[in-house]
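Reviewing the structure listed below.
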Amino acid sequence: EIREGVGWLLRHSTMRVLAVTVGVVNLAYTASSAVFVLYVRRELHLGPLAYGTLLAATAVGAVLGGLLVERATRSLGPGRVLSAALALATASRIGLGLTHEVFAVAGCLLLGGMGITVFAVVSISFRQRLVPDRLQGRVLSAYRMIALSTEPIGGALGGILVDRMGVRAPFLIGGGLLALLTLVTIPLISNHSLREAAEAEQEEVARYEARNRS
């Protein structure tokens, strides 16, 4: 059963791209999130209350993203929304690496929370629509194995970068990685690519059902 889920994921390039994309985003975000408390203390010279308040800005962004994602997807299409969400996540990390102003930091965290939430909603909705019902659990397990396996690597990498290059390094390097990811994936997760993937899967499901009936 596990092999079937992994096999399905490997055969579908669009889902592979989404899984790897989430893995790279998790790598970059975990590297910076793991050292954010050091960033607040050393770079902003703030205490625990400010740390908690700044984290709340991420939650505000997530709520805004959840409220806006449906309308944005209807207007722009899922592919463009996914790329825009990656761009927001990129701007968040690079902005945190460059700014020294508390309100700018809060704004960057808000953008990051919005981008991550929008990407999650659209990508999960697409995955659930694309994957056949009989394979949902197995494909999800394979998808998460790829997407979440980078988090411990990111946490360790963040500590190493801080030790060797300073507290801002995980944010700037992570932002650069996300910028490259955004550019590379634009044609791979475009509206056209997602539509083609959905149509191809519908045809495959129809053939599967026809074989079972016969």
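Every chain in the structure tokens has a letter given in the order shown (A, B, ...), and although residue numbers restart at 1 in each chain, ligands are simply numbered from 1 in the order shown.
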
Contacts of A:Leu188 within 9 Å, only C-alpha atoms, excl. fewer than 6 positions in-chain, as a PyMOL selection string: chain A and resi 13-14+17+79+194

Close residues, A:Met145 itself excluded, 12 Å, only C-alpha atoms, min 3 positions apart in chain, as an MDAnalysis selection string: chainID A and resid 2 5:6 9 16 19:20 22:23 138:142 148:151

Those selected residues, please, written with C-alpha atoms and delivered as a CSV table (one decimal), in the first residue's frame.
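Result file follows (out-v8.csv):
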chain,number,residue,atom,x,y,z
A,2,ILE,CA,2.8,2.4,0.9
A,5,GLY,CA,1.1,5.9,-2.8
A,6,VAL,CA,4.8,6.6,-3.4
A,9,LEU,CA,3.4,10.6,-6.4
A,16,ARG,CA,6.2,16.0,-7.0
A,19,ALA,CA,5.9,18.3,-2.4
A,20,VAL,CA,9.5,19.4,-3.1
A,22,VAL,CA,6.9,22.6,0.4
A,23,GLY,CA,10.0,20.8,1.5
A,138,ARG,CA,-1.2,6.7,1.0
A,139,VAL,CA,-0.3,9.6,-1.2
A,140,LEU,CA,-0.5,12.0,1.7
A,141,SER,CA,2.0,9.9,3.7
A,142,ALA,CA,4.5,10.0,0.8
A,148,LEU,CA,8.4,17.5,6.3
A,149,SER,CA,11.7,15.7,6.2
A,150,THR,CA,13.6,19.0,5.7
A,151,GLU,CA,12.4,20.6,8.9

Close residues, A:Asn191 itself excluded, 10 Å, only C-alpha atoms, min 5 positions apart in chain, as a ChimeraX atom specification: /A:76-82,186,196-197

With N, CA and C atoms retained, write the just-selected residues as a PDB file, in the first residue's frame.
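Full text of part_25.pdb as output:
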ATOM      1  N   LEU A  76      -7.507  34.944  -9.919  1.00  0.00           N
ATOM      2  CA  LEU A  76      -6.210  34.754 -10.571  1.00  0.00           C
ATOM      3  C   LEU A  76      -5.948  33.331 -11.025  1.00  0.00           C
ATOM      4  N   GLY A  77      -6.639  32.382 -10.419  1.00  0.00           N
ATOM      5  CA  GLY A  77      -6.345  30.980 -10.692  1.00  0.00           C
ATOM      6  C   GLY A  77      -5.365  30.436  -9.673  1.00  0.00           C
ATOM      7  N   PRO A  78      -5.390  29.134  -9.405  1.00  0.00           N
ATOM      8  CA  PRO A  78      -4.555  28.560  -8.342  1.00  0.00           C
ATOM      9  C   PRO A  78      -3.062  28.674  -8.604  1.00  0.00           C
ATOM     10  N   GLY A  79      -2.638  28.552  -9.863  1.00  0.00           N
ATOM     11  CA  GLY A  79      -1.209  28.614 -10.154  1.00  0.00           C
ATOM     12  C   GLY A  79      -0.603  29.971  -9.822  1.00  0.00           C
ATOM     13  N   ARG A  80      -1.270  31.027 -10.245  1.00  0.00           N
ATOM     14  CA  ARG A  80      -0.765  32.373  -9.967  1.00  0.00           C
ATOM     15  C   ARG A  80      -0.793  32.668  -8.470  1.00  0.00           C
ATOM     16  N   VAL A  81      -1.815  32.178  -7.803  1.00  0.00           N
ATOM     17  CA  VAL A  81      -1.895  32.401  -6.360  1.00  0.00           C
ATOM     18  C   VAL A  81      -0.755  31.673  -5.644  1.00  0.00           C
ATOM     19  N   LEU A  82      -0.434  30.460  -6.068  1.00  0.00           N
ATOM     20  CA  LEU A  82       0.682  29.730  -5.462  1.00  0.00           C
ATOM     21  C   LEU A  82       1.991  30.489  -5.643  1.00  0.00           C
ATOM     22  N   ILE A 186       7.565  28.885 -11.299  1.00  0.00           N
ATOM     23  CA  ILE A 186       6.495  29.636 -11.983  1.00  0.00           C
ATOM     24  C   ILE A 186       5.897  28.853 -13.150  1.00  0.00           C
ATOM     25  N   GLU A 196      -3.732  20.994 -16.764  1.00  0.00           N
ATOM     26  CA  GLU A 196      -3.333  19.797 -17.500  1.00  0.00           C
ATOM     27  C   GLU A 196      -3.209  18.586 -16.575  1.00  0.00           C
ATOM     28  N   ALA A 197      -2.630  18.799 -15.385  1.00  0.00           N
ATOM     29  CA  ALA A 197      -2.486  17.693 -14.434  1.00  0.00           C
ATOM     30  C   ALA A 197      -3.843  17.167 -14.008  1.00  0.00           C
TER      31      ALA A 197
END

Within 9 Å of A:Leu161 using only C-alpha atoms, minus same-chain residues under 6 positions, as a list in words: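 Counting only the stated atoms, we get Ala31, Val167, Arg168, Ala169 and Pro170 of chain A.
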
Distance in Å - atom CA of A:Ser32 versus atom CA of A:Ser190: 27.9 Å

d(atom CA of A:Ser83, atom CA of A:Arg129) in Å: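 So the answer is 19.2 Å.
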
Of the listed residues A:Val60, A:Arg74, A:Glu101, A:Gly154, that which approaches A:Met114 most closely, counting only C-alpha atoms: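 Using only C-alpha atoms, the shortest distance to A:Met114 belongs to A:Val60.
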
Straight-line distance linking atom CA of A:Gly112 with atom CA of A:Gln128, stated in Å to one decimal: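 One can read the atom CA of A:Gly112 to atom CA of A:Gln128 distance as 24.0 Å.
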